[in-house]
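Have a look at the structure below, then the notes.
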Amino acid sequence: MKIVTVIGARPQIIKAAALSRAIKNNFPDKLKEKIIHTGQHYDENMSKIFFDELGIPKPDYNLNVGSASHGAQTACMIEGIEEILIKESPDYLILYGDTNSTLAGAVAASKIHVPIAHIEAGLRSFNKSMPEEINRIMCDHASALLFSPTGTGYSNSKKEGFKPDNSKPFTNDNPGIFHCGDVMFDNSLYFKEIALNKSNVLDNNELETGKFILGTVHRDNNTDQPQRLNAIFRSILKISEENDIEFVLPLHPRTSKLLSKNLDQELFRAISNNHKIKLIPPVSFLDMIALESNCKMVITDSGGVQKESYFFRKPCVILRSETEWKEITEVGAAIIADAEEERILKAYSRFSNSRNIDFPTIFGDGKAAEFICTTLIENI
Ligand code: UD1
Ligand code: UDP
């Protein structure tokens, strides 16, 4: 059986590692994987670093699309993916998440009748102003196999009309839906020990376990709206100064490019000159795991980092107005603070003062990738 996998943005490269590892370890004779990298992310520390570190096979194809407007970028990907699918004629196209690379794969494959398996299906923010919400809805509705990482994802699919009876054969007119756990959780379990042994990120940045907050900011509505970006960084400065606590912020290139432009000059200077707020380039996945598992708390607008914060049992302040990972807020391990100073400060102090946060099992048993491989093989 042959599958073609599309990756392009950082989190997809990381997620793909789980499936490639499961294939290599458990199904080497049954599943052959070809990888297309769209080139949506291309900086060394947004792409290549993960292949080296996570043992992901080198992509068979790189479309090198680079950055552009949504339409231009997606169109360029569709053209390239279509050509490869015609040549490779796979049994399934594997798509991850909700980026423009996901949408391009869904459009290309569905037009030429290549069945799609969507990993991270059913997640919804119910906010269609997010480009990702449109991408994930369209991908789900073009797919033959939908793999939901959480109960909420699975139940969203049912509410949207996907039938849970799973009567074969599965096609995009009669898709199969599965609640199978999260491949990112598989990765966190697998790489935790390796990260703690190998990573020097704490020493390199003079950070002490439990005494720093890990932050990431990259969503377009935060980076591109000065009012929101200012509120987030004002809150970070205030928390650091009032509590004498350090921050480490591995900045997405999008954010680095916009920080000096969109932050008020005085705030930009105060942040840049504050040695307790460490703005660093994007880090490797192993370094990220080391930061997540040693920090006091996470502040983020990232989907993946919200979850990893939970995997490593750290409270999380979410810099968005909603989350697809509803369960983590429902159990009290994460708080939605949006980009509002008062709410961010309140969430920080709530977590600083609470000792007993519960992290029940939400994301499966660490074997989501094996389940997905088995389901693919059973449904050629
Ligand atoms: C994309 C995804 C988002 C995901 C994020 C993961 C879409 C619509 N968005 O957002 O869902 O959370 O990836 O990180 O697909 N850039 C570089 N170097 C790179 C990559 C990007 O400098 O290697 C800069 C460019 O200025 C580019 C900007 O970042 O214009 C945005 O990149 P893009 O891939 O369009 O969107 P992301 O914000 O990364
Ligand atoms: N990540 C990383 N280095 C960084 C920031 C994030 O390896 O400097 C990893 C993080 O651990 C998670 C994934 O990237 O696995 C999340 O990707 P991102 O925040 O870019 O996108 P999202 O999950 O919001 O789509």
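Labels used: A, B, ... for chains in the order of the structure tokens, numbers from 1 for residues in each chain, and numbers from 1 for ligands as shown.
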_Residue neighbourhood Gly80 (chain A), 12 Å, only C-alpha atoms, exclusion window fewer than 6 positions, as a list in words_ =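 Listing them by chain and then by number gives Val6, Ile36, His37, Thr38, Gly39, Tyr61, Asn62, Leu63, Asn64, Val65, Gln73, Thr74, Ile86, Lys87, Ser101, Ala104, Gly105, Val107, Ala108 and Ala109 of chain A.
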_strand (DSSP E or B) residues, from DSSP on the backbone, in region 170-356 of chain A, as a VMD selection string_ = chain A and resid 176 to 179 212 to 216 246 to 250 277 to 280 297 to 300 316 to 318 334 to 336
*Please check which protein, DNA or RNA residues sit within 10 Å of ligand 2, counting only C-alpha atoms and all ligand atoms, and write them as an NGL selection string.*
:A and (9-15 or 41 or 45-47 or 49-50 or 97-99 or 132 or 184-185 or 187-188 or 215-219 or 249-253 or 280-292 or 300-309)
*Would you mind telling me which residue in A:Leu207, A:Glu33, A:Ala16, A:Leu145 lies nearest to Phe51 (chain A) when using only C-alpha atoms?*
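For Phe51 (chain A), the nearest of the given residues is A:Ala16.
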*asked:* So that I can see what lies close to region 91-93 of chain A, please list as an MDAnalysis selection string the residues with an atom at most 12 Å from it, counting only C-alpha atoms and leaving out residues fewer than 3 positions away in the same chain.
replied: chainID A and resid 1:7 31:36 81:82 84:86 88 96 102 104:110 112:119 139 142:145 170:172 372:373 375:380
May I have the residues within 6 Å of Leu214 (chain A) as a CSV table (one decimal) with N, CA, C and O atoms, in the first residue's frame, using only C-alpha atoms and disregarding those fewer than 4 positions away in the same chain?
```
chain,number,residue,atom,x,y,z
A,247,PHE,N,11.0,35.2,31.4
A,247,PHE,CA,10.2,34.7,30.3
A,247,PHE,C,11.2,34.2,29.2
A,247,PHE,O,12.2,34.9,29.0
A,248,VAL,N,10.9,33.1,28.5
A,248,VAL,CA,11.6,32.8,27.3
A,248,VAL,C,10.6,32.7,26.2
A,248,VAL,O,9.6,32.0,26.3
A,298,VAL,N,2.9,28.1,30.8
A,298,VAL,CA,3.0,28.5,29.4
A,298,VAL,C,2.0,29.6,29.0
A,298,VAL,O,0.9,29.6,29.5
```
*Do you know which residues are at most 9 Å from region 166-168 of chain A counting only C-alpha atoms, after dropping those on the same chain fewer than 6 positions away, and could you put them as a list of chain:residue names?*
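These residues fall inside the cut-off: A:Asn174, A:Pro175, A:Gly176, A:Ile177, A:Phe178, A:Asn379.
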_I'd like the contact shell of Glu133 (chain A) - 12 Å cut-off, only C-alpha atoms, skipping same-chain residues fewer than 6 positions apart - returned as a PyMOL selection string._
chain A and resi 97-100+102-103+121-127+139-140+322-324
Export, as a JSON list (two decimals), in the first residue's frame, the selected residues with N, CA, C and O atoms.
```json
[["chain", "number", "residue", "atom", "x", "y", "z"],
["A", 97, "GLY", "N", -3.79, 18.53, 10.11],
["A", 97, "GLY", "CA", -4.14, 19.84, 10.67],
["A", 97, "GLY", "C", -4.93, 20.73, 9.75],
["A", 97, "GLY", "O", -5.89, 20.30, 9.09],
["A", 98, "ASP", "N", -4.50, 21.98, 9.67],
["A", 98, "ASP", "CA", -5.37, 23.02, 9.13],
["A", 98, "ASP", "C", -4.64, 24.16, 8.44],
["A", 98, "ASP", "O", -5.11, 25.29, 8.41],
["A", 99, "THR", "N", -3.47, 23.89, 7.89],
["A", 99, "THR", "CA", -2.71, 24.99, 7.26],
["A", 99, "THR", "C", -3.08, 25.09, 5.78],
["A", 99, "THR", "O", -3.82, 24.27, 5.24],
["A", 100, "ASN", "N", -2.47, 26.06, 5.11],
["A", 100, "ASN", "CA", -2.69, 26.17, 3.66],
["A", 100, "ASN", "C", -2.17, 24.93, 2.94],
["A", 100, "ASN", "O", -2.72, 24.54, 1.90],
["A", 102, "THR", "N", -2.46, 21.93, 4.06],
["A", 102, "THR", "CA", -3.56, 20.95, 4.23],
["A", 102, "THR", "C", -4.64, 21.20, 3.18],
["A", 102, "THR", "O", -5.11, 20.27, 2.50],
["A", 103, "LEU", "N", -5.04, 22.45, 3.07],
["A", 103, "LEU", "CA", -6.12, 22.79, 2.12],
["A", 103, "LEU", "C", -5.69, 22.46, 0.69],
["A", 103, "LEU", "O", -6.47, 21.88, -0.08],
["A", 121, "ALA", "N", -8.78, 15.63, 12.53],
["A", 121, "ALA", "CA", -10.09, 15.98, 11.98],
["A", 121, "ALA", "C", -11.04, 16.43, 13.09],
["A", 121, "ALA", "O", -10.85, 16.10, 14.26],
["A", 122, "GLY", "N", -12.05, 17.17, 12.70],
["A", 122, "GLY", "CA", -13.16, 17.50, 13.61],
["A", 122, "GLY", "C", -12.90, 18.67, 14.54],
["A", 122, "GLY", "O", -13.81, 19.11, 15.24],
["A", 123, "LEU", "N", -11.67, 19.19, 14.56],
["A", 123, "LEU", "CA", -11.41, 20.32, 15.48],
["A", 123, "LEU", "C", -12.05, 21.57, 14.92],
["A", 123, "LEU", "O", -11.99, 21.81, 13.72],
["A", 124, "ARG", "N", -12.68, 22.31, 15.76],
["A", 124, "ARG", "CA", -13.34, 23.54, 15.33],
["A", 124, "ARG", "C", -13.13, 24.64, 16.36],
["A", 124, "ARG", "O", -13.24, 24.40, 17.57],
["A", 125, "SER", "N", -12.89, 25.87, 15.85],
["A", 125, "SER", "CA", -12.87, 27.02, 16.75],
["A", 125, "SER", "C", -14.21, 27.74, 16.69],
["A", 125, "SER", "O", -14.50, 28.59, 17.50],
["A", 126, "PHE", "N", -15.02, 27.42, 15.66],
["A", 126, "PHE", "CA", -16.28, 28.11, 15.38],
["A", 126, "PHE", "C", -16.02, 29.60, 15.16],
["A", 126, "PHE", "O", -16.81, 30.44, 15.54],
["A", 127, "ASN", "N", -14.89, 29.89, 14.54],
["A", 127, "ASN", "CA", -14.50, 31.26, 14.23],
["A", 127, "ASN", "C", -13.93, 31.26, 12.82],
["A", 127, "ASN", "O", -12.77, 30.97, 12.60],
["A", 139, "CYS", "N", -11.08, 20.49, 4.41],
["A", 139, "CYS", "CA", -10.33, 19.23, 4.36],
["A", 139, "CYS", "C", -11.19, 18.08, 4.90],
["A", 139, "CYS", "O", -11.26, 17.01, 4.29],
["A", 140, "ASP", "N", -11.85, 18.29, 6.02],
["A", 140, "ASP", "CA", -12.71, 17.23, 6.57],
["A", 140, "ASP", "C", -13.75, 16.77, 5.55],
["A", 140, "ASP", "O", -14.00, 15.58, 5.39],
["A", 322, "GLU", "N", -10.78, 31.74, 21.75],
["A", 322, "GLU", "CA", -11.40, 30.42, 21.86],
["A", 322, "GLU", "C", -10.32, 29.38, 21.63],
["A", 322, "GLU", "O", -9.21, 29.71, 21.23],
["A", 323, "THR", "N", -10.66, 28.12, 21.89],
["A", 323, "THR", "CA", -9.69, 27.06, 21.60],
["A", 323, "THR", "C", -10.40, 25.85, 21.02],
["A", 323, "THR", "O", -11.55, 25.58, 21.35],
["A", 324, "GLU", "N", -9.68, 25.15, 20.15],
["A", 324, "GLU", "CA", -10.21, 23.88, 19.63],
["A", 324, "GLU", "C", -10.01, 22.79, 20.67],
["A", 324, "GLU", "O", -10.63, 21.73, 20.59]]
```
*Within 7 Å of region 330-340 of chain A, counting only C-alpha atoms, which residues show up once you throw out same-chain ones fewer than 3 positions away? Write them as an MDAnalysis selection string, please.*
chainID A and resid 228 231:232 315:322 326:327 343:344 347 357:359
Selection from above, N, CA, C and O atoms, as a CSV table (one decimal), in the first residue's frame, can you write it?
```
chain,number,residue,atom,x,y,z
A,228,ARG,N,-3.6,44.3,19.8
A,228,ARG,CA,-3.5,42.9,20.5
A,228,ARG,C,-2.0,42.6,20.9
A,228,ARG,O,-1.7,42.2,22.0
A,231,ALA,N,-1.0,44.6,23.9
A,231,ALA,CA,-1.6,44.1,25.1
A,231,ALA,C,-0.9,42.8,25.6
A,231,ALA,O,-0.6,42.7,26.8
A,232,ILE,N,-0.5,42.0,24.7
A,232,ILE,CA,0.2,40.7,25.1
A,232,ILE,C,1.5,41.1,25.7
A,232,ILE,O,1.9,40.6,26.7
A,315,PRO,N,0.3,24.5,33.6
A,315,PRO,CA,-0.9,25.4,33.3
A,315,PRO,C,-0.6,26.3,32.1
A,315,PRO,O,0.6,26.6,31.8
A,316,CYS,N,-1.6,26.6,31.4
A,316,CYS,CA,-1.5,27.3,30.1
A,316,CYS,C,-2.5,28.5,30.0
A,316,CYS,O,-3.7,28.3,30.2
A,317,VAL,N,-1.9,29.7,29.7
A,317,VAL,CA,-2.7,30.9,29.4
A,317,VAL,C,-2.8,31.0,27.9
A,317,VAL,O,-1.8,31.1,27.2
A,318,ILE,N,-4.1,30.9,27.4
A,318,ILE,CA,-4.3,30.9,26.0
A,318,ILE,C,-4.6,32.3,25.4
A,318,ILE,O,-5.5,33.0,25.9
A,319,LEU,N,-3.7,32.8,24.5
A,319,LEU,CA,-3.8,34.1,24.0
A,319,LEU,C,-4.8,34.2,22.8
A,319,LEU,O,-4.4,34.7,21.7
A,320,ARG,N,-5.9,33.6,22.9
A,320,ARG,CA,-6.9,33.6,21.9
A,320,ARG,C,-8.3,33.7,22.5
A,320,ARG,O,-8.4,33.5,23.7
A,321,SER,N,-9.3,34.0,21.6
A,321,SER,CA,-10.6,34.1,22.2
A,321,SER,C,-11.4,32.8,22.3
A,321,SER,O,-12.5,32.7,22.8
A,322,GLU,N,-10.8,31.7,21.7
A,322,GLU,CA,-11.4,30.4,21.9
A,322,GLU,C,-10.3,29.4,21.6
A,322,GLU,O,-9.2,29.7,21.2
A,326,LYS,N,-10.9,22.3,23.8
A,326,LYS,CA,-11.8,22.7,24.8
A,326,LYS,C,-11.6,21.9,26.1
A,326,LYS,O,-11.7,22.5,27.2
A,327,GLU,N,-11.3,20.7,26.0
A,327,GLU,CA,-11.1,19.8,27.2
A,327,GLU,C,-10.1,20.4,28.2
A,327,GLU,O,-10.3,20.3,29.4
A,343,ARG,N,-7.2,40.1,31.7
A,343,ARG,CA,-7.4,38.6,31.7
A,343,ARG,C,-6.1,37.8,31.8
A,343,ARG,O,-6.1,36.8,32.4
A,344,ILE,N,-5.1,38.3,31.1
A,344,ILE,CA,-3.8,37.6,31.1
A,344,ILE,C,-3.2,37.7,32.5
A,344,ILE,O,-2.8,36.6,33.1
A,347,ALA,N,-5.2,35.4,34.8
A,347,ALA,CA,-4.9,34.0,34.6
A,347,ALA,C,-3.6,33.6,35.2
A,347,ALA,O,-3.4,32.6,35.8
A,357,ILE,N,-3.6,21.3,40.1
A,357,ILE,CA,-4.2,21.3,38.8
A,357,ILE,C,-4.3,19.8,38.4
A,357,ILE,O,-3.3,19.1,38.5
A,358,ASP,N,-5.4,19.5,37.8
A,358,ASP,CA,-5.6,18.1,37.4
A,358,ASP,C,-5.3,18.0,35.9
A,358,ASP,O,-5.7,18.8,35.1
A,359,PHE,N,-4.7,16.9,35.5
A,359,PHE,CA,-4.4,16.7,34.1
A,359,PHE,C,-4.9,15.3,33.7
A,359,PHE,O,-4.0,14.4,33.4
```
*For ligand 1, which residue among A:Gln265, A:Gln225, A:Ser155, A:Ser256 is the nearest when counting only C-alpha atoms and all ligand atoms?*
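Nearest to ligand 1: A:Ser256.
Reported to one decimal place, the separation of CA of Gly66 (chain A) from CA of Ala18 (chain A) is 24.7 Å.
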*Which residue out of A:Glu120, A:Glu370, A:Glu44, A:Glu208 has the minimum interatomic distance to ligand 1 when only C-alpha atoms and all ligand atoms are used?*
A:Glu44
*For CA of His275 (chain A) and CA of Asp244 (chain A), quote the distance in Å rounded to one decimal.*
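Computed distance, CA of His275 (chain A) to CA of Asp244 (chain A), equals 11.2 Å.
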_Residues of region 165-329 of chain A in alpha helix (DSSP H), written as a PyMOL selection string_ = chain A and resi 183-198+201-204+220-223+226-243+253-262+265-272+285-294+303-311+326-329
